[in-house]
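These notes concern the structure reproduced below.
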Amino acid sequence: MMKLSLRAGVLVASVALVAGCATSAMSPKDAISARQELMKQQGAAMRSIQDKLKAGQAQAVAADAKTLAETAKRIPAMFPAGSLDPLTSRAKPEIWQKWPEFEGYAKSLESKAAMLGATAQGGNAQATQAAVAEMGKTTCGACHQAFRGPEIKK
Ligand code: HEC
């Protein structure tokens with residue numbers, strides 16, 4: 001009995017170890033390109049939202065809101081400590097100095113995108129527009145303002 005539970009414990013520990021490695025194994029270079037790709041998806045979702053609002057399709061915005069709620073969850077893991085490179089990345093060192101604040105913006109995007117989805121489903125164009133503007137300003141905009149450096153000149 002003792003032996004069995006010990007073995008189970010070792011198994012759980014090694015599974016946790018493997019899962020931990022999967023994220024920490026991401027090299028700074030891979031993390032930078034993965035998160036830039038993720039951010040591009042977010043930019044595309046925001047454009048899609050604007051297009052749908054212009055076309056008077058508030059309800060269709062719910063699908064993009066779902067995309068944003070999902071991408072938001074993946075933001076923190078794509079900023080492993082040390083993934084800084086001023087030549088390829090606009091991430092500021094402040095991200096790791098003020099990690100709770102940075103992570104808070106990602107969490108806030110997740111919850112505001114979920115709220116936007118619910119509002120959009122109600123079909124009220126004006127309320128949807130307002131929710132998009134509020135989300136953009138307080139999450140995308142605020143996080144970029146605090147944690148994204150100037151454009152990289154090439
Ligand atoms: C938690 C902070 C945070 C949030 C929230 C956030 N971003 Fe970003 N975003 C960043 C950082 C940091 C970078 C720079 C990443 C790099 O270059 O390594 C970035 C880069 C970008 C880029 C440029 C990608 C590229 O390199 O081509 C776009 C586009 C973008 N974000 C769009 C958005 C949109 C749209 C939202 C909201 C729906 C959003 N972001 C929310 C932190 C955030």
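Scheme for the structure tokens: letters A, B, ... for chains in order shown; per-chain residue numbers from 1; ligand numbers from 1 in order shown.
Environment of ligand 1, defined as every protein or nucleic acid residue with an atom within 6 Å of it and counting only C-alpha atoms and all ligand atoms, comprises Ile32, Gln36, Met39, Lys40, Gln42, Gly43, Met46, Ser89, Arg90, Ala91, Phe102, Glu103, Tyr105, Ala106, Leu109, Gly136, Thr139, Cys140, Cys143, His144, Phe147 and Arg148 of chain A.
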Written file, previous selection with C-alpha atoms, as a compact mmCIF listing (two decimals), in the first residue's frame:
# COMPACT_ATOMS: atom_id res chain seq x y z
CA ILE A 32 9.24 36.13 -29.08
CA GLN A 36 4.19 38.18 -31.93
CA MET A 39 -0.61 39.34 -30.96
CA LYS A 40 -1.11 39.44 -34.74
CA GLN A 42 -5.45 39.53 -31.71
CA GLY A 43 -4.95 42.42 -34.10
CA MET A 46 -9.94 43.44 -33.57
CA SER A 89 11.09 42.40 -29.70
CA ARG A 90 9.29 45.42 -28.35
CA ALA A 91 8.78 43.81 -24.94
CA PHE A 102 1.34 42.66 -16.72
CA GLU A 103 -0.50 39.42 -16.01
CA TYR A 105 -3.89 43.07 -18.13
CA ALA A 106 -4.00 39.63 -19.75
CA LEU A 109 -8.56 41.05 -21.48
CA GLY A 136 -9.41 48.07 -26.33
CA THR A 139 -6.49 46.10 -21.95
CA CYS A 140 -4.73 46.20 -25.37
CA CYS A 143 -0.77 47.04 -21.67
CA HIS A 144 0.97 48.37 -24.77
CA PHE A 147 4.92 47.38 -21.48
CA ARG A 148 5.56 47.75 -25.20
Exercise: A:Thr67 partners within 9 Å, only C-alpha atoms, chain neighbours under 4 positions left out, as a ChimeraX atom specification: /A:41-42,45,62-63,71-72,113
Just write the chosen residues, C-alpha atoms, as a tab-separated table (two decimals), in the first residue's frame.
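The resulting file, result.tsv, is shown below:
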chain	number	residue	atom	x	y	z
A	41	GLN	CA	-4.09	37.11	-34.29
A	42	GLN	CA	-5.45	39.53	-31.71
A	45	ALA	CA	-9.66	39.72	-34.41
A	62	ALA	CA	-19.14	37.10	-30.50
A	63	ALA	CA	-16.88	34.71	-32.47
A	71	THR	CA	-5.58	34.15	-26.88
A	72	ALA	CA	-5.59	36.25	-23.68
A	113	ALA	CA	-13.56	39.66	-24.06
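For the residues A:Ala81, A:Ala44, A:Ala31, A:Lys112, ranking by smallest atom-to-atom distance to A:Gln97 using only C-alpha atoms places A:Ala81 first.
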A:Asp30 environment, 12 Å, only C-alpha atoms, sequence neighbours closer than 2 positions dropped, as JSON, numbers by chain: {"A": [23, 24, 25, 26, 27, 28, 32, 33, 34, 35, 36, 37, 77, 78, 79, 80, 83, 84, 85, 88, 89]}
Generate the output file for the selected residues, N, CA and C atoms, as a PDB file, in the first residue's frame.
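The result, written out as result_22.pdb:
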ATOM      1  N   THR A  23       6.773  24.414 -21.151  1.00  0.00           N
ATOM      2  CA  THR A  23       6.731  25.862 -21.323  1.00  0.00           C
ATOM      3  C   THR A  23       8.105  26.484 -21.113  1.00  0.00           C
ATOM      4  N   SER A  24       8.849  26.004 -20.086  1.00  0.00           N
ATOM      5  CA  SER A  24      10.128  26.656 -19.823  1.00  0.00           C
ATOM      6  C   SER A  24      11.153  26.300 -20.902  1.00  0.00           C
ATOM      7  N   ALA A  25      10.881  25.261 -21.687  1.00  0.00           N
ATOM      8  CA  ALA A  25      11.813  24.869 -22.742  1.00  0.00           C
ATOM      9  C   ALA A  25      11.753  25.844 -23.918  1.00  0.00           C
ATOM     10  N   MET A  26      10.718  26.693 -23.935  1.00  0.00           N
ATOM     11  CA  MET A  26      10.594  27.639 -25.046  1.00  0.00           C
ATOM     12  C   MET A  26      11.768  28.623 -24.979  1.00  0.00           C
ATOM     13  N   SER A  27      12.581  28.643 -26.002  1.00  0.00           N
ATOM     14  CA  SER A  27      13.730  29.549 -26.006  1.00  0.00           C
ATOM     15  C   SER A  27      13.219  30.981 -26.147  1.00  0.00           C
ATOM     16  N   PRO A  28      14.024  31.962 -25.717  1.00  0.00           N
ATOM     17  CA  PRO A  28      13.595  33.349 -25.873  1.00  0.00           C
ATOM     18  C   PRO A  28      13.188  33.664 -27.321  1.00  0.00           C
ATOM     19  N   ILE A  32       9.466  34.832 -28.433  1.00  0.00           N
ATOM     20  CA  ILE A  32       9.237  36.132 -29.076  1.00  0.00           C
ATOM     21  C   ILE A  32       8.420  35.953 -30.356  1.00  0.00           C
ATOM     22  N   SER A  33       8.807  34.990 -31.186  1.00  0.00           N
ATOM     23  CA  SER A  33       8.040  34.858 -32.431  1.00  0.00           C
ATOM     24  C   SER A  33       6.644  34.297 -32.168  1.00  0.00           C
ATOM     25  N   ALA A  34       6.510  33.403 -31.183  1.00  0.00           N
ATOM     26  CA  ALA A  34       5.180  32.850 -30.873  1.00  0.00           C
ATOM     27  C   ALA A  34       4.239  33.941 -30.371  1.00  0.00           C
ATOM     28  N   ARG A  35       4.757  34.829 -29.502  1.00  0.00           N
ATOM     29  CA  ARG A  35       3.841  35.844 -28.963  1.00  0.00           C
ATOM     30  C   ARG A  35       3.541  36.928 -29.991  1.00  0.00           C
ATOM     31  N   GLN A  36       4.487  37.193 -30.892  1.00  0.00           N
ATOM     32  CA  GLN A  36       4.188  38.184 -31.933  1.00  0.00           C
ATOM     33  C   GLN A  36       3.107  37.635 -32.868  1.00  0.00           C
ATOM     34  N   GLU A  37       3.179  36.326 -33.097  1.00  0.00           N
ATOM     35  CA  GLU A  37       2.148  35.674 -33.913  1.00  0.00           C
ATOM     36  C   GLU A  37       0.789  35.762 -33.204  1.00  0.00           C
ATOM     37  N   ALA A  77       2.265  32.874 -20.588  1.00  0.00           N
ATOM     38  CA  ALA A  77       3.231  31.797 -20.851  1.00  0.00           C
ATOM     39  C   ALA A  77       4.180  32.130 -21.994  1.00  0.00           C
ATOM     40  N   MET A  78       3.793  33.096 -22.811  1.00  0.00           N
ATOM     41  CA  MET A  78       4.640  33.447 -23.951  1.00  0.00           C
ATOM     42  C   MET A  78       5.641  34.547 -23.632  1.00  0.00           C
ATOM     43  N   PHE A  79       5.679  34.926 -22.351  1.00  0.00           N
ATOM     44  CA  PHE A  79       6.661  35.921 -21.913  1.00  0.00           C
ATOM     45  C   PHE A  79       7.528  35.316 -20.816  1.00  0.00           C
ATOM     46  N   PRO A  80       8.276  34.224 -21.115  1.00  0.00           N
ATOM     47  CA  PRO A  80       9.146  33.653 -20.090  1.00  0.00           C
ATOM     48  C   PRO A  80      10.234  34.663 -19.719  1.00  0.00           C
ATOM     49  N   SER A  83      13.104  36.633 -21.985  1.00  0.00           N
ATOM     50  CA  SER A  83      12.821  36.663 -23.428  1.00  0.00           C
ATOM     51  C   SER A  83      12.771  38.109 -23.927  1.00  0.00           C
ATOM     52  N   LEU A  84      13.912  38.738 -23.780  1.00  0.00           N
ATOM     53  CA  LEU A  84      14.074  40.140 -24.186  1.00  0.00           C
ATOM     54  C   LEU A  84      15.059  40.190 -25.333  1.00  0.00           C
ATOM     55  N   ASP A  85      14.767  40.946 -26.347  1.00  0.00           N
ATOM     56  CA  ASP A  85      15.732  41.151 -27.414  1.00  0.00           C
ATOM     57  C   ASP A  85      15.368  42.434 -28.146  1.00  0.00           C
ATOM     58  N   THR A  88      14.648  42.374 -31.945  1.00  0.00           N
ATOM     59  CA  THR A  88      13.488  41.709 -32.557  1.00  0.00           C
ATOM     60  C   THR A  88      12.193  41.887 -31.781  1.00  0.00           C
ATOM     61  N   SER A  89      12.285  42.364 -30.550  1.00  0.00           N
ATOM     62  CA  SER A  89      11.093  42.399 -29.705  1.00  0.00           C
ATOM     63  C   SER A  89      10.884  43.761 -29.073  1.00  0.00           C
TER      64      SER A  89
END
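Atom CA of A:Lys153 lies 18.8 Å from atom CA of A:Pro93.
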All alpha helix (DSSP H) residues (DSSP, backbone) inside chain A, as a PyMOL selection string: chain A and resi 2-24+28-54+61-74+94-97+99-121+125-135+142-147
Residues near A:Ala133, cut-off 12 Å, only C-alpha atoms, skip fewer than 2 positions along chain, as a list in words: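 Non-adjacent residues within range: Met46, Ile49, Gln50, Leu53, Lys112, Ala113, Leu116, Gln126, Ala127, Thr128, Gln129, Ala130, Ala131, Met135, Gly136, Lys137, Thr138, Thr139, Cys140 and Gly141 of chain A.
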